Each structure stands twice: as C-alpha cells, then as structure tokens.
>>> print(open('entry_30.cif').read())   # mmCIF, C-alpha atoms
data_final
loop_
_atom_site.group_PDB
_atom_site.id
_atom_site.type_symbol
_atom_site.label_atom_id
_atom_site.label_comp_id
_atom_site.auth_asym_id
_atom_site.auth_seq_id
_atom_site.Cartn_x
_atom_site.Cartn_y
_atom_site.Cartn_z
ATOM 1 C CA MET F 151 55.730 -80.420 -30.792
ATOM 2 C CA LYS F 152 53.469 -79.133 -28.019
ATOM 3 C CA LYS F 153 55.520 -75.944 -27.765
ATOM 4 C CA LYS F 154 55.220 -75.313 -31.496
ATOM 5 C CA SER F 155 51.493 -75.977 -31.384
ATOM 6 C CA LEU F 156 51.052 -73.628 -28.431
ATOM 7 C CA MET F 157 52.962 -70.844 -30.189
ATOM 8 C CA ALA F 158 50.821 -71.252 -33.294
ATOM 9 C CA GLN F 159 47.646 -71.219 -31.227
ATOM 10 C CA ASN F 160 48.754 -68.103 -29.349
ATOM 11 C CA ASN F 161 49.364 -66.340 -32.639
ATOM 12 C CA LEU F 162 45.857 -67.186 -33.824
ATOM 13 C CA VAL F 163 44.381 -65.986 -30.545
ATOM 14 C CA ARG F 164 46.384 -62.768 -30.854
ATOM 15 C CA ALA F 165 45.129 -62.266 -34.419
ATOM 16 C CA GLY F 166 41.565 -62.823 -33.233
ATOM 17 C CA VAL F 167 41.776 -60.381 -30.325
ATOM 18 C CA MET F 168 43.476 -57.679 -32.376
ATOM 19 C CA GLY F 169 41.097 -58.183 -35.291
ATOM 20 C CA GLY F 170 38.087 -57.860 -33.005
ATOM 21 C CA ASN F 171 39.600 -54.838 -31.290
ATOM 22 C CA ASP F 172 40.244 -53.088 -34.605
ATOM 23 C CA GLY F 173 36.727 -53.924 -35.747
ATOM 24 C CA ILE F 174 35.246 -52.285 -32.661
ATOM 25 C CA LEU F 175 37.445 -49.196 -32.792
ATOM 26 C CA SER F 176 37.535 -48.571 -36.540
ATOM 27 C CA VAL F 177 33.840 -49.010 -37.208
ATOM 28 C CA ALA F 178 32.836 -47.129 -34.046
ATOM 29 C CA GLY F 179 34.907 -44.194 -35.269
ATOM 30 C CA ILE F 180 33.251 -44.322 -38.688
ATOM 31 C CA ILE F 181 29.627 -44.531 -37.562
ATOM 32 C CA ILE F 182 30.018 -41.978 -34.766
ATOM 33 C CA GLY F 183 31.576 -39.567 -37.243
ATOM 34 C CA VAL F 184 28.745 -40.049 -39.744
ATOM 35 C CA ALA F 185 26.130 -39.820 -36.978
ATOM 36 C CA GLY F 186 27.813 -36.655 -35.763
ATOM 37 C CA ALA F 187 27.260 -35.173 -39.211
ATOM 38 C CA GLY F 188 23.515 -35.584 -38.653
ATOM 39 C CA GLN F 189 23.017 -38.316 -41.229
ATOM 40 C CA SER F 190 20.162 -40.809 -41.121
ATOM 41 C CA LEU F 191 20.480 -44.186 -39.438
ATOM 42 C CA THR F 192 20.491 -45.800 -42.876
ATOM 43 C CA ALA F 193 23.479 -43.726 -43.929
ATOM 44 C CA VAL F 194 25.246 -44.491 -40.653
ATOM 45 C CA MET F 195 24.700 -48.235 -41.035
ATOM 46 C CA LEU F 196 25.768 -48.155 -44.681
ATOM 47 C CA SER F 197 29.024 -46.413 -43.778
ATOM 48 C CA GLY F 198 29.621 -48.929 -41.022
ATOM 49 C CA PHE F 199 28.993 -51.831 -43.366
ATOM 50 C CA ALA F 200 31.368 -50.411 -45.969
ATOM 51 C CA GLY F 201 34.016 -49.855 -43.303
ATOM 52 C CA THR F 202 33.561 -53.411 -42.089
ATOM 53 C CA LEU F 203 34.094 -54.885 -45.550
ATOM 54 C CA ALA F 204 37.203 -52.789 -46.088
ATOM 55 C CA GLY F 205 38.522 -53.629 -42.633
ATOM 56 C CA MET F 206 38.026 -57.365 -43.097
ATOM 57 C CA VAL F 207 40.187 -57.403 -46.194
ATOM 58 C CA SER F 208 42.732 -54.983 -44.752
ATOM 59 C CA MET F 209 43.196 -56.921 -41.511
ATOM 60 C CA ALA F 210 43.449 -60.272 -43.283
ATOM 61 C CA MET F 211 46.015 -59.051 -45.775
ATOM 62 C CA GLY F 212 47.942 -57.220 -43.075
ATOM 63 C CA GLU F 213 48.219 -60.373 -40.957
ATOM 64 C CA TYR F 214 49.220 -62.458 -43.952
ATOM 65 C CA VAL F 215 51.939 -60.045 -45.072
ATOM 66 C CA SER F 216 53.229 -59.623 -41.506
ATOM 67 C CA VAL F 217 53.585 -63.366 -40.877
ATOM 68 C CA GLU F 218 55.119 -63.973 -44.306
ATOM 69 C CA SER F 219 57.619 -61.158 -43.729
ATOM 70 C CA SER F 220 58.645 -62.746 -40.435
ATOM 71 C CA ARG F 221 59.059 -66.066 -42.218
ATOM 72 C CA ASP F 222 61.252 -64.412 -44.849
ATOM 73 C CA ALA F 223 63.419 -62.980 -42.060
ATOM 74 C CA GLN F 224 63.730 -66.445 -40.532
ATOM 75 C CA ASP F 225 64.811 -67.961 -43.851
ATOM 76 C CA ARG F 226 67.376 -65.235 -44.360
ATOM 77 C CA ALA F 227 68.780 -65.708 -40.863
ATOM 78 C CA ARG F 228 68.948 -69.475 -41.363
ATOM 79 C CA LYS F 229 70.950 -69.107 -44.568
ATOM 80 C CA GLU F 230 73.304 -66.505 -43.121
ATOM 81 C CA GLU F 231 74.024 -68.418 -39.936
ATOM 82 C CA SER F 232 74.424 -71.753 -41.719
ATOM 83 C CA LYS F 233 77.142 -70.197 -43.843
ATOM 84 C CA VAL F 234 78.854 -68.496 -40.898
ATOM 85 C CA LEU F 235 78.826 -71.675 -38.805
ATOM 86 C CA GLU F 236 80.542 -73.573 -41.596
ATOM 87 C CA GLN F 237 83.185 -70.889 -42.018
ATOM 88 C CA ASP F 238 83.968 -70.083 -38.375
ATOM 89 C CA TYR F 239 82.236 -72.254 -35.790
ATOM 90 C CA ASN F 240 84.526 -71.154 -32.945
ATOM 91 C CA LYS F 241 83.720 -67.501 -33.487
ATOM 92 C CA GLU F 242 80.015 -68.170 -33.182
ATOM 93 C CA PHE F 243 80.571 -70.388 -30.150
ATOM 94 C CA ASN F 244 82.489 -67.617 -28.412
ATOM 95 C CA PHE F 245 79.818 -65.087 -29.347
ATOM 96 C CA VAL F 246 77.188 -67.043 -27.410
ATOM 97 C CA LYS F 247 79.487 -67.702 -24.456
ATOM 98 C CA ASP F 248 80.566 -64.063 -24.202
ATOM 99 C CA LYS F 249 76.970 -62.898 -24.470
ATOM 100 C CA TYR F 250 75.941 -65.040 -21.520
ATOM 101 C CA GLN F 251 78.886 -63.813 -19.479
ATOM 102 C CA ALA F 252 77.948 -60.222 -20.300
ATOM 103 C CA ASP F 253 74.484 -60.982 -18.925
ATOM 104 C CA GLY F 254 76.020 -61.893 -15.568
ATOM 105 C CA ILE F 255 76.433 -65.661 -15.883
ATOM 106 C CA SER F 256 79.699 -67.062 -14.538
ATOM 107 C CA ALA F 257 82.352 -68.084 -17.068
ATOM 108 C CA GLN F 258 82.036 -71.761 -16.160
ATOM 109 C CA MET F 259 78.248 -71.850 -16.425
ATOM 110 C CA ALA F 260 78.285 -69.811 -19.636
ATOM 111 C CA LEU F 261 80.762 -72.251 -21.174
ATOM 112 C CA GLN F 262 78.723 -75.284 -20.107
ATOM 113 C CA ALA F 263 75.425 -73.826 -21.342
ATOM 114 C CA THR F 264 76.958 -72.874 -24.667
ATOM 115 C CA LYS F 265 78.461 -76.337 -25.145
ATOM 116 C CA GLU F 266 75.131 -78.036 -24.485
ATOM 117 C CA MET F 267 73.097 -75.772 -26.756
ATOM 118 C CA MET F 268 75.603 -75.749 -29.604
ATOM 119 C CA ALA F 269 75.890 -79.524 -29.433
ATOM 120 C CA LYS F 270 72.124 -79.944 -29.606
ATOM 121 C CA ASP F 271 71.247 -77.389 -32.316
ATOM 122 C CA PRO F 272 73.924 -74.832 -33.235
ATOM 123 C CA LEU F 273 71.865 -73.175 -35.978
ATOM 124 C CA GLU F 274 68.823 -72.645 -33.767
ATOM 125 C CA THR F 275 71.051 -71.359 -30.972
ATOM 126 C CA MET F 276 72.845 -68.830 -33.156
ATOM 127 C CA VAL F 277 69.693 -67.503 -34.810
ATOM 128 C CA ARG F 278 68.048 -67.082 -31.408
ATOM 129 C CA GLU F 279 71.031 -65.327 -29.848
ATOM 130 C CA ARG F 280 71.887 -63.094 -32.792
ATOM 131 C CA PHE F 281 68.432 -62.273 -34.174
ATOM 132 C CA GLY F 282 66.133 -62.879 -31.230
ATOM 133 C CA PHE F 283 63.690 -65.366 -32.697
ATOM 134 C CA SER F 284 63.310 -69.115 -33.005
ATOM 135 C CA LEU F 285 63.532 -71.130 -36.200
ATOM 136 C CA ASN F 286 61.146 -73.612 -34.623
ATOM 137 C CA SER F 287 58.337 -71.070 -34.516
ATOM 138 C CA LYS F 288 55.924 -72.176 -37.215
ATOM 139 C CA VAL F 289 53.031 -69.751 -37.633
ATOM 140 C CA SER F 290 50.336 -70.090 -40.264
ATOM 141 C CA ALA F 291 50.017 -66.914 -42.320
ATOM 142 C CA GLY F 292 46.788 -68.177 -43.833
ATOM 143 C CA GLY F 293 45.378 -69.112 -40.441
ATOM 144 C CA ALA F 294 46.135 -65.692 -38.973
ATOM 145 C CA ALA F 295 44.575 -64.013 -42.012
ATOM 146 C CA ILE F 296 41.385 -66.080 -41.772
ATOM 147 C CA VAL F 297 40.997 -65.444 -38.046
ATOM 148 C CA SER F 298 41.466 -61.693 -38.556
ATOM 149 C CA PHE F 299 39.040 -61.727 -41.483
ATOM 150 C CA PHE F 300 36.224 -63.054 -39.291
ATOM 151 C CA ALA F 301 37.227 -61.359 -36.035
ATOM 152 C CA PHE F 302 37.006 -57.873 -37.535
ATOM 153 C CA PRO F 303 33.275 -58.017 -38.410
ATOM 154 C CA THR F 304 32.572 -59.681 -35.064
ATOM 155 C CA GLY F 305 34.006 -56.640 -33.329
ATOM 156 C CA ALA F 306 32.400 -54.240 -35.791
ATOM 157 C CA ALA F 307 28.964 -55.713 -35.106
ATOM 158 C CA PHE F 308 29.108 -54.433 -31.521
ATOM 159 C CA PRO F 309 29.040 -50.656 -32.154
ATOM 160 C CA MET F 310 26.728 -51.053 -35.143
ATOM 161 C CA THR F 311 24.200 -53.004 -33.087
ATOM 162 C CA LEU F 312 24.281 -50.404 -30.314
ATOM 163 C CA MET F 313 23.876 -47.586 -32.800
ATOM 164 C CA GLY F 314 20.921 -49.326 -34.408
ATOM 165 C CA LEU F 315 19.093 -50.219 -31.180
ATOM 166 C CA ALA F 316 19.585 -47.054 -29.125
ATOM 167 C CA LYS F 317 17.081 -44.230 -29.140
ATOM 168 C CA PRO F 318 17.973 -41.509 -31.658
ATOM 169 C CA GLU F 319 18.968 -38.982 -29.010
ATOM 170 C CA TRP F 320 21.198 -41.509 -27.227
ATOM 171 C CA ARG F 321 22.819 -43.249 -30.191
ATOM 172 C CA ILE F 322 26.160 -41.475 -30.108
ATOM 173 C CA VAL F 323 26.525 -41.375 -26.315
ATOM 174 C CA ALA F 324 25.451 -45.001 -25.811
ATOM 175 C CA THR F 325 27.743 -46.255 -28.558
ATOM 176 C CA PHE F 326 30.641 -44.151 -27.291
ATOM 177 C CA LEU F 327 30.417 -45.404 -23.707
ATOM 178 C CA ALA F 328 29.755 -49.041 -24.553
ATOM 179 C CA VAL F 329 32.660 -49.121 -27.001
ATOM 180 C CA LEU F 330 34.983 -47.780 -24.316
ATOM 181 C CA VAL F 331 34.041 -50.672 -22.039
ATOM 182 C CA ALA F 332 34.643 -53.145 -24.874
ATOM 183 C CA LEU F 333 38.029 -51.579 -25.616
ATOM 184 C CA LEU F 334 39.064 -51.915 -21.981
ATOM 185 C CA ILE F 335 38.339 -55.634 -22.229
ATOM 186 C CA THR F 336 40.138 -56.198 -25.528
ATOM 187 C CA GLY F 337 43.075 -54.079 -24.398
ATOM 188 C CA TYR F 338 43.356 -56.198 -21.268
ATOM 189 C CA LEU F 339 43.178 -59.441 -23.270
ATOM 190 C CA ALA F 340 45.807 -58.212 -25.733
ATOM 191 C CA ALA F 341 48.142 -57.395 -22.843
ATOM 192 C CA VAL F 342 47.616 -60.862 -21.356
ATOM 193 C CA ILE F 343 48.485 -62.540 -24.663
ATOM 194 C CA ASN F 344 51.551 -60.347 -25.229
ATOM 195 C CA GLY F 345 52.749 -60.639 -21.638
ATOM 196 C CA ALA F 346 52.539 -56.870 -21.144
ATOM 197 C CA ASN F 347 51.270 -54.780 -18.239
ATOM 198 C CA ARG F 348 47.522 -55.439 -18.214
ATOM 199 C CA VAL F 349 46.370 -52.172 -16.676
ATOM 200 C CA ARG F 350 48.575 -50.158 -19.001
ATOM 201 C CA GLY F 351 47.396 -52.154 -22.016
ATOM 202 C CA ALA F 352 43.732 -51.628 -21.145
ATOM 203 C CA LEU F 353 44.168 -47.907 -20.484
ATOM 204 C CA ARG F 354 46.198 -47.423 -23.660
ATOM 205 C CA ASN F 355 43.416 -49.010 -25.664
ATOM 206 C CA LEU F 356 40.869 -46.843 -23.864
ATOM 207 C CA VAL F 357 42.746 -43.642 -24.663
ATOM 208 C CA ALA F 358 43.083 -44.686 -28.321
ATOM 209 C CA GLY F 359 39.327 -45.258 -28.450
ATOM 210 C CA ILE F 360 38.494 -41.919 -26.884
ATOM 211 C CA LEU F 361 40.775 -40.047 -29.278
ATOM 212 C CA THR F 362 39.520 -41.933 -32.340
ATOM 213 C CA MET F 363 35.837 -41.397 -31.641
ATOM 214 C CA ALA F 364 36.308 -37.819 -30.411
ATOM 215 C CA VAL F 365 38.179 -36.839 -33.577
ATOM 216 C CA THR F 366 35.697 -38.464 -35.958
ATOM 217 C CA LEU F 367 32.758 -36.987 -34.034
ATOM 218 C CA ALA F 368 34.295 -33.516 -34.157
ATOM 219 C CA ILE F 369 34.990 -33.780 -37.895
ATOM 220 C CA GLY F 370 31.513 -35.156 -38.568
ATOM 221 C CA SER F 371 29.931 -32.297 -36.596
ATOM 222 C CA LEU F 372 31.583 -29.803 -38.942
ATOM 223 C CA PHE F 373 29.362 -31.098 -41.759
ATOM 224 C CA ARG F 374 26.036 -30.717 -39.969
#
>>> encode(input="entry_30.cif", output="structure tokens")
Amino acid sequence: MKKKSLMAQNNLVRAGVMGGNDGILSVAGIIIGVAGAGQSLTAVMLSGFAGTLAGMVSMAMGEYVSVESSRDAQDRARKEESKVLEQDYNKEFNFVKDKYQADGISAQMALQATKEMMAKDPLETMVRERFGFSLNSKVSAGGAAIVSFFAFPTGAAFPMTLMGLAKPEWRIVATFLAVLVALLITGYLAAVINGANRVRGALRNLVAGILTMAVTLAIGSLFR
C-alpha cells in the first residue's frame, strides 16, 4: 500500500514540476517575443495572460490523456496475459526464466526466482517482464490534471512578474536571465524525480529555454 501511495505521490510531484516548468518557459517565450516587437507593457501582459489560460487547459488535458492512455495499455496487457497464462502457463514461465538467465543470472537462481514470483502473482510478473510496467501502479489522471492546471500559472507568474516590475530598458534582459536560473532549478528537480542525470537534466532545460526565448525574441523583433 505504501509503495502504491508513493508512486502516486511521485506522479503528482512530477506533474507539478513539469507544469511549473512549462509555465515558466512557455509564457516567458510569449512575453519576450511580444516585448521584442516593441509592444506596450499592457500588450505584453495581455499576451502572457492569454498564454497562461491556454497553457493551463493544455497541460491539464495533456496529463489526463497521458495517464488514461497508460491505464488503457495496462488493461490491454492484463487481458492479453490473463488469456495467455490460461492457455500456456509453462511457456510464460519459461519466458521469465530464460529472460533472467539472459541477463546473467545463473540457471538455478533464475528458476528459483521465477517460481517464487509466478507463485505469488503470475499476472503481475508476466505484465512486468513482457511490457515493462506494473499493474499495481495506480495513478490518478484527475489528480495529475489538477496539479498541472495550477502548477502552470504558478510558473507563468514568475516571468510575468519580472517583466512587469523591471525597468523598461531592462525588461527583456532581466526576464531572460532570471528565467534561465529558474529553468536550471526545475530541470534539476525533474531529473531528480525521474532518476536521470541531474546536471544533464538542468543543462538540457537551460538550452531549451535559451532557444525558445531567443527564437521568439528574434521573430518579435522582425515586427518592430
């Protein structure tokens, strides 16, 4: 039960971090592009607000559809493996045993491990070994959608606040630099949650931010 709860919590944390990250990056790109076109602060803020509303709905629906799609895949795998186990249990048993041996486990240990897992929960074992995910992973699609819905504007508020408070001649530069720092942090946090290389995750997010804001600024400048 604790493991299931932890997995669900991690998914919500992931949705929150990614939603906040997208809010920072997407809205920063929008307002820097509009500011680069020489528009008034009112126009810049209005574009940022519109982008925030669109992003909130987009992120929430994206999370919901993604989690529901994963759940559909789990249901399909459960049905397929249930049928196969009934028709040819020995074949599935040997599949797991041979897979472990191919991974370098001795024949005796592979046989013992397979016996124990198949005796405890053959369906869970087969779905995990054949499809790579757990049937015991219960993630709330609605919860992930709600977290993303509120995380996006939280992230979006950061570049919009900087743009609104900075002096006119420093608005773009101040927002650009501050957003890069924020993206380093969210990239690092995302890597921690996903178990990825933290430095690489932070730098990847930084590069994405630089490219996004540089492109929108360049396009906006064409309309001055």
>>> atom_distance(input="entry_30.cif", atom1="atom CA of F:Thr304", atom2="atom CA of F:Phe373")
29.5 Å
>>> residues_around(input="entry_30.cif", residues="F:Ala257", least_positions_apart="6", cutoff="12 Å", atoms="all atoms listed in the file", output="tab-separated table (two decimals) with C-alpha atoms, keeping the file's coordinate frame")
chain	number	residue	atom	x	y	z
F	244	ASN	CA	82.49	-67.62	-28.41
F	246	VAL	CA	77.19	-67.04	-27.41
F	247	LYS	CA	79.49	-67.70	-24.46
F	248	ASP	CA	80.57	-64.06	-24.20
F	249	LYS	CA	76.97	-62.90	-24.47
F	250	TYR	CA	75.94	-65.04	-21.52
F	251	GLN	CA	78.89	-63.81	-19.48
F	263	ALA	CA	75.42	-73.83	-21.34
F	264	THR	CA	76.96	-72.87	-24.67
>>> residues_around(input="entry_30.cif", residues="stretch 235-240 of chain F", least_positions_apart="4", cutoff="10 Å", atoms="all atoms listed in the file", output="list in words")
Glu230, Glu231, Asn244, Phe245, Met268, Pro272, Leu273 and Met276 of chain F
>>> atom_distance(input="entry_30.cif", atom1="atom CA of F:Ala260", atom2="atom CA of F:Gly282")
18.2 Å
>>> residues_around(input="entry_30.cif", residues="stretch 164-172 of chain F", least_positions_apart="6", cutoff="6 Å", atoms="only C-alpha atoms", output="list in words")
Ala294, Val297, Ser298, Ala301, Phe302, Gly305 and Thr336 of chain F
>>> resolve_selection(input="entry_30.cif", expression="the PyMOL selection byres ((chain F and resi 212-222) around 10)", output="count of residues only")
30
>>> closest_residue(input="entry_30.cif", among="F:Val184, F:Leu333, F:Thr311, F:Gly201", to="F:Ile360", atoms="only C-alpha atoms")
F:Leu333
>>> closest_residue(input="entry_30.cif", among="F:Arg348, F:Gly314, F:Arg280, F:Ser256", to="F:Glu242", atoms="only C-alpha atoms")
F:Arg280
>>> residues_around(input="entry_30.cif", residues="F:Arg354", least_positions_apart="5", cutoff="9 Å", atoms="only C-alpha atoms", output="VMD selection string")
chain F and resid 334 337 349 359
>>> axis_aligned_box(input="entry_30.cif", around="stretch 296-300 of chain F", padding_each_side="8 Å", output="JSON")
{"center_x": 38.8, "center_y": -63.9, "center_z": -39.9, "size_x": 21.2, "size_y": 20.4, "size_z": 19.7}
>>> closest_residue(input="entry_30.cif", among="F:Ala324, F:Phe243, F:Arg278, F:Leu361", to="F:Gln262", atoms="all atoms listed in the file")
F:Phe243
>>> atom_distance(input="entry_30.cif", atom1="atom CA of F:Glu266", atom2="atom CA of F:Ser284")
17.1 Å
>>> residues_near_point(input="entry_30.cif", point="(26.4, -31.7, -38.1)", cutoff="10 Å", atoms="only C-alpha atoms", output="VMD selection string")
chain F and resid 183 to 189 367 to 374
>>> residues_around(input="entry_30.cif", residues="F:Met310", least_positions_apart="2", cutoff="9 Å", atoms="only C-alpha atoms", output="list in words")
Ile174, Val177, Ala178, Ile181, Val194, Met195, Gly198, Phe199, Ala306, Ala307, Phe308, Leu312, Met313, Gly314, Leu315 and Thr325 of chain F
>>> write_last_selection(input="entry_30.cif", atoms="C-alpha atoms", output="PDB file, in the frame of the given file")
ATOM      1  CA  ILE F 174      35.246 -52.285 -32.661  1.00  0.00           C
ATOM      2  CA  VAL F 177      33.840 -49.010 -37.208  1.00  0.00           C
ATOM      3  CA  ALA F 178      32.836 -47.129 -34.046  1.00  0.00           C
ATOM      4  CA  ILE F 181      29.627 -44.531 -37.562  1.00  0.00           C
ATOM      5  CA  VAL F 194      25.246 -44.491 -40.653  1.00  0.00           C
ATOM      6  CA  MET F 195      24.700 -48.235 -41.035  1.00  0.00           C
ATOM      7  CA  GLY F 198      29.621 -48.929 -41.022  1.00  0.00           C
ATOM      8  CA  PHE F 199      28.993 -51.831 -43.366  1.00  0.00           C
ATOM      9  CA  ALA F 306      32.400 -54.240 -35.791  1.00  0.00           C
ATOM     10  CA  ALA F 307      28.964 -55.713 -35.106  1.00  0.00           C
ATOM     11  CA  PHE F 308      29.108 -54.433 -31.521  1.00  0.00           C
ATOM     12  CA  LEU F 312      24.281 -50.404 -30.314  1.00  0.00           C
ATOM     13  CA  MET F 313      23.876 -47.586 -32.800  1.00  0.00           C
ATOM     14  CA  GLY F 314      20.921 -49.326 -34.408  1.00  0.00           C
ATOM     15  CA  LEU F 315      19.093 -50.219 -31.180  1.00  0.00           C
ATOM     16  CA  THR F 325      27.743 -46.255 -28.558  1.00  0.00           C
TER      17      THR F 325
END
>>> closest_residue(input="entry_30.cif", among="F:Val331, F:Asp253, F:Leu339, F:Ser197", to="F:Gly179", atoms="only C-alpha atoms")
F:Ser197
